[in-house]
Structure formats: structure tokens, C-alpha cells
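A.B. asks: Coordinates in entry-v2.txt, compact mmCIF, C-alpha atoms and all ligand atoms, are listed below.
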```txt
# COMPACT_ATOMS: atom_id res chain seq x y z
CA ALA A 1 0.00 0.00 0.00
CA VAL A 2 1.10 3.57 -0.65
CA PRO A 3 1.80 5.33 2.66
CA LEU A 4 -0.57 8.22 3.33
CA VAL A 5 2.12 10.95 3.33
CA VAL A 6 3.18 9.79 -0.13
CA ALA A 7 -0.38 9.80 -1.46
CA VAL A 8 -0.82 13.34 -0.12
CA SER A 9 2.42 14.34 -1.82
CA THR A 10 1.14 13.19 -5.20
CA ALA A 11 -1.73 15.65 -4.90
CA LEU A 12 0.63 18.36 -3.63
CA ALA A 13 2.96 17.65 -6.55
CA ALA A 14 0.20 18.24 -9.09
CA LYS A 15 -0.57 21.53 -7.36
CA SER A 16 3.12 22.48 -7.46
CA GLY A 17 3.25 21.97 -11.20
CA PHE A 18 4.73 18.51 -11.66
CA LEU A 19 3.58 14.93 -12.19
CA ILE A 20 5.36 11.96 -10.67
CA ARG A 21 5.69 9.01 -13.07
CA ASP A 22 8.20 7.03 -11.01
CA ARG A 23 7.86 7.15 -7.25
CA SER A 24 11.31 5.74 -6.42
CA ALA A 25 12.93 8.45 -8.55
CA PHE A 26 10.91 11.06 -6.63
CA GLU A 27 12.25 9.54 -3.42
CA ARG A 28 15.82 9.84 -4.76
CA ALA A 29 15.19 13.54 -5.44
CA ARG A 30 15.56 14.30 -1.73
CA ASN A 31 19.26 13.36 -2.01
CA LEU A 32 20.02 15.26 -5.22
CA GLN A 33 23.53 16.67 -5.47
CA ALA A 34 23.57 17.90 -9.07
CA VAL A 35 21.02 19.04 -11.62
CA VAL A 36 22.00 18.99 -15.28
CA PHE A 37 19.83 21.16 -17.53
CA ASP A 38 19.53 20.95 -21.30
CA LYS A 39 19.95 24.46 -22.76
CA THR A 40 17.64 24.93 -25.72
CA GLY A 41 13.98 24.69 -24.78
CA THR A 42 14.73 24.11 -21.10
CA LEU A 43 16.81 27.00 -19.72
CA THR A 44 15.91 29.01 -22.82
CA GLU A 45 12.54 29.22 -24.51
CA GLY A 46 13.82 27.40 -27.59
CA LYS A 47 12.23 30.00 -29.84
CA PHE A 48 15.00 31.33 -32.04
CA GLY A 49 14.84 34.37 -34.29
CA VAL A 50 17.26 35.21 -37.10
CA THR A 51 19.16 38.39 -36.18
CA ASP A 52 22.00 38.57 -38.73
CA VAL A 53 23.16 37.27 -42.08
CA VAL A 54 26.87 37.50 -42.89
CA ASN A 55 27.45 37.15 -46.62
CA PHE A 56 30.73 35.53 -47.76
CA SER A 57 29.52 35.07 -51.32
CA ASP A 58 30.25 37.27 -54.34
CA ASN A 59 27.19 36.24 -56.34
CA LEU A 60 24.36 35.74 -53.85
CA THR A 61 22.31 38.29 -51.91
CA ASP A 62 21.49 37.85 -48.21
CA GLU A 63 17.94 36.86 -49.21
CA GLU A 64 19.24 34.21 -51.58
CA ILE A 65 21.46 32.71 -48.88
CA LEU A 66 18.49 32.62 -46.51
CA ARG A 67 16.30 31.08 -49.23
CA TYR A 68 18.77 28.23 -49.84
CA ALA A 69 19.03 27.60 -46.10
CA ALA A 70 15.26 27.87 -45.54
CA SER A 71 14.52 25.41 -48.35
CA ILE A 72 16.60 22.80 -46.53
CA GLU A 73 15.24 23.72 -43.09
CA LEU A 74 11.64 23.41 -44.26
CA HIS A 75 12.22 19.65 -43.85
CA SER A 76 13.78 19.83 -40.37
CA GLU A 77 12.07 19.89 -36.96
CA HIS A 78 14.90 21.71 -35.18
CA PRO A 79 14.07 25.02 -33.43
CA ILE A 80 16.91 26.64 -35.44
CA ALA A 81 15.26 25.38 -38.63
CA LYS A 82 11.91 26.94 -37.71
CA ALA A 83 13.56 30.35 -37.29
CA ILE A 84 15.37 30.18 -40.63
CA VAL A 85 12.17 29.09 -42.41
CA THR A 86 10.29 32.05 -40.91
CA SER A 87 12.99 34.49 -42.02
CA SER A 88 12.69 33.62 -45.72
CA LYS A 89 10.00 34.76 -48.14
CA GLY A 90 10.34 31.84 -50.53
CA TYR A 91 11.55 28.27 -50.83
CA MET A 92 12.99 26.01 -53.50
CA GLU A 93 12.44 22.33 -54.08
CA VAL A 94 14.73 19.98 -52.14
CA GLU A 95 15.87 16.46 -53.01
CA GLY A 96 17.55 14.02 -50.67
CA PHE A 97 17.04 15.93 -47.44
CA ARG A 98 19.02 14.51 -44.53
CA ALA A 99 19.43 15.64 -40.91
CA ILE A 100 22.97 15.45 -39.52
CA PRO A 101 22.22 14.81 -35.81
CA GLY A 102 23.62 17.52 -33.55
CA LYS A 103 25.38 19.16 -36.50
CA GLY A 104 22.91 20.38 -39.09
CA ALA A 105 21.02 19.39 -42.22
CA GLU A 106 21.66 18.98 -45.96
CA GLY A 107 20.00 18.34 -49.31
CA ARG A 108 20.10 19.17 -53.00
CA VAL A 109 18.60 22.41 -54.31
CA ASN A 110 18.73 23.35 -58.02
CA GLY A 111 21.27 20.59 -58.54
CA LYS A 112 23.51 22.07 -55.85
CA HIS A 113 24.51 20.43 -52.57
CA VAL A 114 23.37 22.72 -49.74
CA MET A 115 24.35 22.31 -46.09
CA VAL A 116 23.32 24.27 -42.99
CA VAL A 117 25.74 23.32 -40.24
CA SER A 118 27.24 24.07 -36.84
CA PRO A 119 30.63 25.69 -36.15
CA GLY A 120 31.82 22.29 -34.90
CA PHE A 121 31.03 20.72 -38.27
CA LEU A 122 33.11 23.36 -40.09
CA ARG A 123 36.00 22.78 -37.71
CA GLU A 124 35.87 19.03 -38.48
CA ARG A 125 36.05 19.87 -42.17
CA GLY A 126 39.09 22.05 -41.51
CA ILE A 127 37.31 25.23 -42.61
CA LYS A 128 38.40 28.25 -40.53
CA VAL A 129 36.16 31.28 -40.21
CA ASP A 130 38.01 34.38 -39.13
CA ASP A 131 35.37 37.04 -39.52
CA GLU A 132 34.89 39.91 -37.11
CA ARG A 133 31.09 39.97 -37.53
CA VAL A 134 30.83 36.26 -36.72
CA LEU A 135 33.07 36.67 -33.67
CA ARG A 136 30.88 39.52 -32.45
CA MET A 137 27.70 37.43 -32.78
CA ALA A 138 29.28 34.64 -30.77
CA SER A 139 30.40 37.04 -28.04
CA GLU A 140 26.80 38.28 -27.80
CA GLY A 141 25.64 34.74 -27.03
CA LYS A 142 24.09 34.22 -30.45
CA THR A 143 23.94 30.81 -32.09
CA VAL A 144 25.69 30.77 -35.47
CA VAL A 145 25.08 28.31 -38.31
CA TYR A 146 26.86 28.24 -41.67
CA VAL A 147 25.54 27.80 -45.19
CA LEU A 148 27.70 25.76 -47.58
CA ILE A 149 26.87 25.40 -51.26
CA ASP A 150 28.76 22.71 -53.15
CA GLY A 151 31.24 22.66 -50.29
CA GLU A 152 31.91 26.40 -50.40
CA LEU A 153 31.19 28.65 -47.45
CA LYS A 154 28.56 31.18 -48.60
CA GLY A 155 27.20 32.69 -45.43
CA ALA A 156 26.68 32.69 -41.68
CA ILE A 157 23.30 33.08 -40.02
CA GLY A 158 23.08 34.46 -36.47
CA LEU A 159 20.16 33.46 -34.26
CA ALA A 160 19.07 34.52 -30.80
CA ASP A 161 17.03 32.58 -28.29
CA ILE A 162 15.52 33.96 -25.07
CA VAL A 163 16.77 32.77 -21.68
CA ARG A 164 13.67 31.93 -19.60
CA PRO A 165 13.40 34.64 -16.93
CA GLU A 166 12.72 31.86 -14.35
CA SER A 167 16.00 30.03 -15.02
CA LYS A 168 18.23 32.35 -12.99
CA GLU A 169 16.02 32.12 -9.90
CA ALA A 170 15.79 28.33 -10.16
CA ILE A 171 19.58 28.03 -10.23
CA LEU A 172 20.07 30.45 -7.35
CA LYS A 173 17.63 28.45 -5.16
CA LEU A 174 19.12 25.07 -6.06
CA LYS A 175 22.62 26.33 -5.28
CA GLU A 176 21.36 27.61 -1.89
CA MET A 177 20.13 24.07 -1.23
CA GLY A 178 23.67 22.78 -1.85
CA ILE A 179 22.91 21.37 -5.30
CA LYS A 180 25.38 21.85 -8.18
CA CYS A 181 23.83 23.27 -11.36
CA MET A 182 25.15 22.27 -14.78
CA MET A 183 24.17 22.58 -18.43
CA LEU A 184 24.47 20.21 -21.36
CA THR A 185 24.12 21.49 -24.92
CA GLY A 186 24.84 20.67 -28.53
CA ASP A 187 25.35 24.37 -29.18
CA ASN A 188 28.84 25.88 -29.36
CA ARG A 189 31.13 26.83 -26.48
CA GLN A 190 30.71 30.60 -26.71
CA VAL A 191 26.92 30.49 -26.55
CA ALA A 192 27.06 27.99 -23.70
CA SER A 193 29.55 30.11 -21.80
CA TRP A 194 27.41 33.22 -22.30
CA VAL A 195 24.22 31.55 -21.03
CA SER A 196 26.13 29.93 -18.18
CA LYS A 197 27.45 33.28 -16.90
CA GLU A 198 24.08 34.96 -17.44
CA ILE A 199 22.26 32.55 -15.10
CA GLY A 200 25.05 31.57 -12.70
CA LEU A 201 25.70 27.90 -13.52
CA ASP A 202 28.51 25.99 -11.78
CA GLU A 203 29.59 24.09 -14.90
CA PHE A 204 28.65 23.52 -18.54
CA PHE A 205 29.33 21.03 -21.32
CA ALA A 206 29.07 22.37 -24.90
CA GLU A 207 29.09 20.76 -28.37
CA VAL A 208 27.83 17.51 -26.88
CA LEU A 209 26.45 15.31 -29.65
CA PRO A 210 23.01 13.69 -29.16
CA HIS A 211 24.46 10.22 -28.54
CA GLU A 212 26.97 11.59 -25.99
CA LYS A 213 24.43 13.17 -23.64
CA ALA A 214 23.71 10.00 -21.61
CA GLU A 215 27.45 9.29 -21.41
CA LYS A 216 28.01 12.77 -19.87
CA ILE A 217 25.39 12.02 -17.19
CA LYS A 218 27.19 8.75 -16.41
CA GLU A 219 30.47 10.66 -16.08
CA ILE A 220 28.93 13.08 -13.57
CA GLN A 221 27.43 10.16 -11.63
CA SER A 222 30.86 8.55 -11.48
CA ARG A 223 32.04 11.54 -9.42
CA GLY A 224 29.76 10.07 -6.77
CA LEU A 225 26.91 12.51 -7.31
CA VAL A 226 23.15 11.82 -7.33
CA VAL A 227 22.13 13.49 -10.59
CA ALA A 228 18.91 14.84 -12.08
CA MET A 229 18.64 15.68 -15.78
CA VAL A 230 16.09 18.21 -17.04
CA GLY A 231 15.33 18.23 -20.78
CA ASP A 232 12.72 18.53 -23.47
CA GLY A 233 14.03 17.04 -26.70
CA VAL A 234 14.14 13.67 -28.45
CA ASN A 235 17.93 13.96 -28.01
CA ASP A 236 17.53 14.21 -24.25
CA ALA A 237 15.62 10.92 -23.77
CA PRO A 238 18.63 8.61 -23.16
CA ALA A 239 20.12 11.14 -20.71
CA LEU A 240 16.79 11.39 -18.86
CA ALA A 241 16.74 7.59 -18.58
CA GLN A 242 20.36 7.48 -17.37
CA ALA A 243 19.92 10.14 -14.66
CA ASP A 244 18.92 9.17 -11.11
CA VAL A 245 15.98 11.51 -11.59
CA GLY A 246 14.84 12.26 -15.16
CA ILE A 247 12.72 15.40 -15.44
CA ALA A 248 11.00 16.38 -18.71
CA ILE A 249 9.48 19.70 -19.67
CA GLY A 250 5.79 18.93 -20.29
CA ALA A 251 5.70 20.89 -23.53
CA GLY A 252 8.66 18.85 -24.81
CA THR A 253 8.63 15.89 -27.16
CA ASP A 254 6.64 12.72 -26.35
CA VAL A 255 9.88 10.72 -26.30
CA ALA A 256 11.33 12.95 -23.58
CA VAL A 257 8.14 12.79 -21.50
CA GLU A 258 7.99 8.98 -21.81
CA SER A 259 11.62 8.61 -20.68
CA ALA A 260 11.14 10.87 -17.66
CA ASP A 261 10.40 10.04 -14.01
CA ILE A 262 8.84 13.43 -13.36
CA VAL A 263 7.14 15.85 -15.78
CA LEU A 264 7.07 19.65 -15.34
CA VAL A 265 3.56 20.72 -16.32
CA ARG A 266 4.25 24.47 -16.41
CA ASN A 267 7.63 24.26 -18.17
CA ASP A 268 9.05 26.38 -15.36
CA PRO A 269 12.57 25.39 -14.23
CA ARG A 270 11.74 26.74 -10.73
CA ASP A 271 9.48 23.72 -10.29
CA VAL A 272 12.65 21.60 -9.99
CA VAL A 273 13.17 23.40 -6.66
CA SER A 274 9.65 22.38 -5.58
CA ILE A 275 10.40 18.75 -6.48
CA VAL A 276 13.43 18.64 -4.18
CA LYS A 277 11.61 20.46 -1.37
CA LEU A 278 8.56 18.20 -1.56
CA ALA A 279 10.69 15.06 -1.77
CA ARG A 280 12.67 16.17 1.28
CA SER A 281 9.56 16.94 3.35
CA THR A 282 7.66 13.82 2.23
CA TYR A 283 10.37 11.31 3.06
CA ARG A 284 11.46 13.05 6.24
CA LYS A 285 8.05 12.18 7.70
CA MET A 286 8.61 8.50 6.98
CA VAL A 287 11.24 6.65 8.96
P1 LIG B 1 20.62 21.32 -28.32
O1 LIG B 1 21.48 20.61 -27.34
O2 LIG B 1 20.69 22.79 -28.14
O3 LIG B 1 19.20 20.78 -28.36
P2 LIG B 1 21.22 20.00 -30.92
O4 LIG B 1 22.03 18.81 -30.52
O5 LIG B 1 19.85 19.76 -31.39
O6 LIG B 1 21.29 21.11 -29.77
O7 LIG B 1 22.01 20.79 -32.06
C1 LIG B 1 23.32 21.20 -31.86
C2 LIG B 1 23.80 22.14 -32.92
O8 LIG B 1 23.74 21.49 -34.20
C3 LIG B 1 22.96 23.39 -33.06
O9 LIG B 1 23.35 24.40 -32.17
C4 LIG B 1 23.28 23.75 -34.53
O10 LIG B 1 24.51 24.40 -34.61
C5 LIG B 1 23.39 22.40 -35.20
N1 LIG B 1 22.12 21.97 -35.82
C6 LIG B 1 21.37 20.89 -35.50
N2 LIG B 1 20.29 20.78 -36.31
C7 LIG B 1 20.36 21.83 -37.17
C8 LIG B 1 19.56 22.29 -38.25
N3 LIG B 1 18.44 21.68 -38.65
N4 LIG B 1 19.97 23.39 -38.91
C9 LIG B 1 21.08 24.05 -38.53
N5 LIG B 1 21.88 23.67 -37.53
C10 LIG B 1 21.52 22.59 -36.84
MG MG B 2 16.48 21.01 -25.95
```
So that I can check it, write out the structure of this file as C-alpha cells.
Ligand code: ADP
Ligand code: MG
C.D. replies:
Amino acid sequence: AVPLVVAVSTALAAKSGFLIRDRSAFERARNLQAVVFDKTGTLTEGKFGVTDVVNFSDNLTDEEILRYAASIELHSEHPIAKAIVTSSKGYMEVEGFRAIPGKGAEGRVNGKHVMVVSPGFLRERGIKVDDERVLRMASEGKTVVYVLIDGELKGAIGLADIVRPESKEAILKLKEMGIKCMMLTGDNRQVASWVSKEIGLDEFFAEVLPHEKAEKIKEIQSRGLVVAMVGDGVNDAPALAQADVGIAIGAGTDVAVESADIVLVRNDPRDVVSIVKLARSTYRKMV
């Protein structure tokens, strides 16, 4: 039988904005020592907007670069893709679309091979970008993706996301409770560092590929820490499953929600604080 205090807590949990899917994970939450947050869509709203286009081409306009990129992104589900699609007035037909997990997307447009990719992808290809405007975007915490046509660098697109106003407060409270706050992201180091400073994180891991996220959680656990992971994306599901306490943002993907022990109904990172508090008070009453 479920002890009465625990049954009461389930009702209190719903009132506090979260749903418990796995009771033993909720019990472990009272001993949490580290919380690892996904960046995009969790600490930030995950709603990007295009802010800049840097044109490296001598025969294409900014609009044309955006149109090539948007044509590819029309077939992608990524929040970056949505922003690029919105920024373009028209689209061209795409053949052979393919997502490159954690790195970008590609396809053929007008017989040309078009790629929209991360800074990490360019680095792997040995392409160096030494442009003042791109450096400035990065220092402002903007996400930068590159447009390649037939292997040639044609442009850079700068995008900005909004840090959830609640994130900073959530981190402050967790740190007061003696819990380390960390962030895991596929985005580049500069953006991660900017967000991390902005909200006061203890540690961050950038340019983590989708299949490496669960491995990172394991690494943190091997320091002897009881770890919670908070995420929203398909990419986050294995990390949510690996964590001692997996917490999904309710508005996230079905896969994330199904892999989680606890679901945040209001998508408010401050509700992670409520989880720990309620877990502590619930299981203190039981000896
Ligand atoms: P996150 O951890 O923020 O959810 P992802 O692993 O989904 O990040 O993506 C990591 C990086 O890969 C993005 O910051 C971007 O540079 C690149 N990327 C992934 N998908 C796309 C796409 N469809 N278009 C452009 N860039 C992409
Ligand atoms: Mg995310």
C-alpha cells in the first residue's frame, strides 16, 4: 500500500506543477547533489529568431542565402530550422534531405549540394572562419550556423534565443540548497559560456552530440553525485533515462516525456526546486 504521506504528496505535486511518473525516482530527489539542464527549450525558450546574415559570397544576396538555407530547413524539426524558415520569403524544391544529428542538415537544391551546419562541423572539415562579424555574434551569445553550397562557405546566419526569466532564480535556489547546477548542450562553447554566466551555472558542457548526452550524465554520476537531468528534446531521452531523476518539460517531445520520471507541467525550471523540497519533506516524515 502507498503510505498516506506519499499519497498526499502526489496531490501536492500536481498543485506544485509537476507529475510523478516514477515514485522511487521522486524519493531519490531528496538526495540530489547535481542538476543537469539541457539548454535549448529548457533553460531558454527554444524560440529562435534570425538576427544577422553574414554574406561571404560574391554572387548571392542575403535573401538568396536565406532562401537556400530555408529550403533545406523546411524539412527539419529543429528550433533553429523553424527560425530560418520564418525568415525567408520563398523556398525552392529539395531532393535528398538529410538531418545530420547535432550538427545540421543537408539536401540538394537546383542541382547544388546545400548544407546548414554548426561551427563544430566546419571545424571538423578544416574550414576556418576568421570574420569579425561572426566573432561579435558569438560574443553576444548568439547561435551561429553556416551555409555551404557545393562545399563552399557562402554565409553565416546568427540566431538569438531567449533565456527563460525563471531560469536564474531556479539556479540560485538550487545552489542555496547545496545542489550543483550544470548545463548540457549541442550548441557551441561561446553560446554555452554566455548563457552559463548569465544565469550563474557551476559548470557547462558544450558541443555535446546527441548520442553523448547520456554518457556525460554517467560521467557526472561517477564523481559520486546523485544526478537529475532536465530536458525537453528527443535527443535528451537517453540522458533522462540514465539520470537518477529524469525530469521532462511537459511541452517537450513525447519521447522525452515517456523517458522521464517526473514531468514539469508548467515548463518552469523553478518547479525543480519544488520537487526537491517536496521530496525532502515527504520522506522526512517517513522513517
Ligand atoms: P541542443 O542541445 O541545443 O538541443 P542540438 O544537438 O539539437 O542542440 O544541435 C546542436 C547544434 O547542431 C545546433 O546548435 C546547430 O549548430 C546544429 N544543428 C542541429 N540541427 C540543425 C539544423 N536543422 N539546422 C542548422 N543547424 C543545426
Ligand atoms: Mg532542448
A.B. asks: Around ligand LIG 1 (chain B), at most 7 Å away and counting all atoms listed in the file, which residues are there? Put them as number ranges by chain, please.
C.D. replies: A: 38-40, 73, 76-78, 80-81, 99-105, 116-119, 143-145, 184-188, 207-210, 233, 235
A.B. asks: Show me the residues close to (9.6, 24.1, -5.7) - anything with an atom within 10 Å, counting only C-alpha atoms - and format the list as a list in words.
C.D. replies: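 With a cut-off of 10 Å, the residues come to Ala13, Ser16, Gly17, Phe18, Ala170, Lys173, Leu174, Asp268, Pro269, Arg270, Asp271, Val272, Val273, Ser274, Ile275, Val276, Lys277, Leu278 and Ala279 of chain A.
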A.B. asks: Write the residues of the preceding selection, restricted to C-alpha atoms, as an mmCIF file, in the frame of the given file.
C.D. replies:
```cif
data_model
loop_
_atom_site.group_PDB
_atom_site.id
_atom_site.type_symbol
_atom_site.label_atom_id
_atom_site.label_comp_id
_atom_site.auth_asym_id
_atom_site.auth_seq_id
_atom_site.Cartn_x
_atom_site.Cartn_y
_atom_site.Cartn_z
ATOM 1 C CA ALA A 13 2.960 17.650 -6.550
ATOM 2 C CA SER A 16 3.120 22.480 -7.460
ATOM 3 C CA GLY A 17 3.250 21.970 -11.200
ATOM 4 C CA PHE A 18 4.730 18.510 -11.660
ATOM 5 C CA ALA A 170 15.790 28.330 -10.160
ATOM 6 C CA LYS A 173 17.630 28.450 -5.160
ATOM 7 C CA LEU A 174 19.120 25.070 -6.060
ATOM 8 C CA ASP A 268 9.050 26.380 -15.360
ATOM 9 C CA PRO A 269 12.570 25.390 -14.230
ATOM 10 C CA ARG A 270 11.740 26.740 -10.730
ATOM 11 C CA ASP A 271 9.480 23.720 -10.290
ATOM 12 C CA VAL A 272 12.650 21.600 -9.990
ATOM 13 C CA VAL A 273 13.170 23.400 -6.660
ATOM 14 C CA SER A 274 9.650 22.380 -5.580
ATOM 15 C CA ILE A 275 10.400 18.750 -6.480
ATOM 16 C CA VAL A 276 13.430 18.640 -4.180
ATOM 17 C CA LYS A 277 11.610 20.460 -1.370
ATOM 18 C CA LEU A 278 8.560 18.200 -1.560
ATOM 19 C CA ALA A 279 10.690 15.060 -1.770
#
```
A.B. asks: Give me, as a list in words, all polymer residues having an atom no more than 7 Å from A:Val114, counting all atoms listed in the file and skipping those fewer than 4 positions away in the same chain.
C.D. replies: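 The residues that qualify are Glu106, Gly107, Arg108, Val109, Leu148, Ile149 and Asp150 of chain A.
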A.B. asks: Taking 2 positions as the minimum chain separation for residues in the same chain, which residues sit within 10 Å of A:Leu43 when counting only C-alpha atoms? Answer as a VMD selection string.
C.D. replies: chain A and resid 37 to 41 45 to 46 162 to 168 170 to 171 183 195 to 196 199 230 to 231 267 to 269
A.B. asks: Report, in Å with one decimal, the straight-line distance from atom CA of A:Met177 to atom CA of A:Ala29.
C.D. replies: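 Pair atom CA of A:Met177 / atom CA of A:Ala29 returns 12.4 Å.
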A.B. asks: Nearest to A:Glu27 among A:Thr10, A:Ser57, A:Ser259, A:Gln242, with distances taken over all atoms listed in the file: which residue is it?
C.D. replies: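 Nearest to A:Glu27: A:Thr10.
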A.B. asks: Just how far from atom CA of A:Ala241 is atom CA of A:Leu264, in Å to one decimal?
C.D. replies: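 Taking atom CA of A:Leu264 as the start and atom CA of A:Ala241 as the end point, the length is 15.8 Å.
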A.B. asks: Which is closer to ligand MG 2 (chain B) than all the others in A:Asp244, A:Asp232, A:Glu176, A:Glu124, using only C-alpha atoms and all ligand atoms?
C.D. replies: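 Checking each of A:Asp244, A:Asp232, A:Glu176, A:Glu124 against ligand MG 2 (chain B), counting only C-alpha atoms and all ligand atoms, the winner is A:Asp232.
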A.B. asks: Find, counting only C-alpha atoms and all ligand atoms, the residue in A:His113, A:Lys180, A:Arg266, A:Lys213 that gets nearest to ligand MG 2 (chain B).
C.D. replies: A:Lys213
A.B. asks: Neighbours of A:Glu258 within 10 Å (only C-alpha atoms; same-chain residues fewer than 3 positions away dropped), as a VMD selection string?
C.D. replies: chain A and resid 21 237 240 to 241 248 253 to 255 261 to 263
A.B. asks: Could you write those residues out with C-alpha atoms, as a short mmCIF file (atom, residue, chain, number, x, y, z; two decimals), in the frame of the given file?
C.D. replies:
```cif
data_model
loop_
_atom_site.label_atom_id
_atom_site.label_comp_id
_atom_site.auth_asym_id
_atom_site.auth_seq_id
_atom_site.Cartn_x
_atom_site.Cartn_y
_atom_site.Cartn_z
CA ARG A 21 5.69 9.01 -13.07
CA ALA A 237 15.62 10.92 -23.77
CA LEU A 240 16.79 11.39 -18.86
CA ALA A 241 16.74 7.59 -18.58
CA ALA A 248 11.00 16.38 -18.71
CA THR A 253 8.63 15.89 -27.16
CA ASP A 254 6.64 12.72 -26.35
CA VAL A 255 9.88 10.72 -26.30
CA ASP A 261 10.40 10.04 -14.01
CA ILE A 262 8.84 13.43 -13.36
CA VAL A 263 7.14 15.85 -15.78
#
```
A.B. asks: Skip A:Gly49 itself and residues of its chain fewer than 6 positions away, then list as an NGL selection string all residues within 9 Å of it, counting all atoms listed in the file.
C.D. replies: :A and (80 or 82-84 or 86-87 or 158-161)
A.B. asks: Save the residues we just selected, C-alpha atoms, as a PDB file, in the coordinates of the input?
C.D. replies:
```pdb
ATOM      1  CA  ILE A  80      16.910  26.640 -35.440  1.00  0.00           C
ATOM      2  CA  LYS A  82      11.910  26.940 -37.710  1.00  0.00           C
ATOM      3  CA  ALA A  83      13.560  30.350 -37.290  1.00  0.00           C
ATOM      4  CA  ILE A  84      15.370  30.180 -40.630  1.00  0.00           C
ATOM      5  CA  THR A  86      10.290  32.050 -40.910  1.00  0.00           C
ATOM      6  CA  SER A  87      12.990  34.490 -42.020  1.00  0.00           C
ATOM      7  CA  GLY A 158      23.080  34.460 -36.470  1.00  0.00           C
ATOM      8  CA  LEU A 159      20.160  33.460 -34.260  1.00  0.00           C
ATOM      9  CA  ALA A 160      19.070  34.520 -30.800  1.00  0.00           C
ATOM     10  CA  ASP A 161      17.030  32.580 -28.290  1.00  0.00           C
TER      11      ASP A 161
END
```
A.B. asks: Env of A:Ala25: 6 Å cut, atoms = all atoms listed in the file, seq-sep filter 3 positions within chain, self excluded. Answer as a PyMOL selection string.
C.D. replies: chain A and resi 22+28+245
A.B. asks: Return the single residue from A:Lys47, A:Lys175, A:Arg189, A:Lys197 that is closest to A:Ala138, with distances computed using only C-alpha atoms.
C.D. replies: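 Ranked by minimum distance to A:Ala138, first place goes to A:Arg189.
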A.B. asks: Using all atoms listed in the file, which of the listed residues (A:Ile247, A:Gln190, A:Gly252, A:Leu32) sits closest to ligand MG 2 (chain B)?
C.D. replies: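 So, comparing all the options, the nearest one is A:Gly252.
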A.B. asks: So how many Å separate atom CA of A:Glu212 and atom CA of A:Leu153, to one decimal?
C.D. replies: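 If I compute the distance from atom CA of A:Glu212 to atom CA of A:Leu153, I get 27.7 Å.
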A.B. asks: For a quick check of understanding, using only C-alpha atoms and all ligand atoms, which of A:Cys181, A:Val85, A:Ile249, A:Met115 has the smallest distance to ligand MG 2 (chain B)?
C.D. replies: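 Residue with the minimum atom-to-atom distance to ligand MG 2 (chain B): A:Ile249.
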A.B. asks: Using only C-alpha atoms - which residues lie no farther than 10 Å from the point (24.6, 29.8, -50.7) in the file's frame? Write them as a PyMOL selection string.
C.D. replies: chain A and resi 55-57+59-69+112-116+146-156
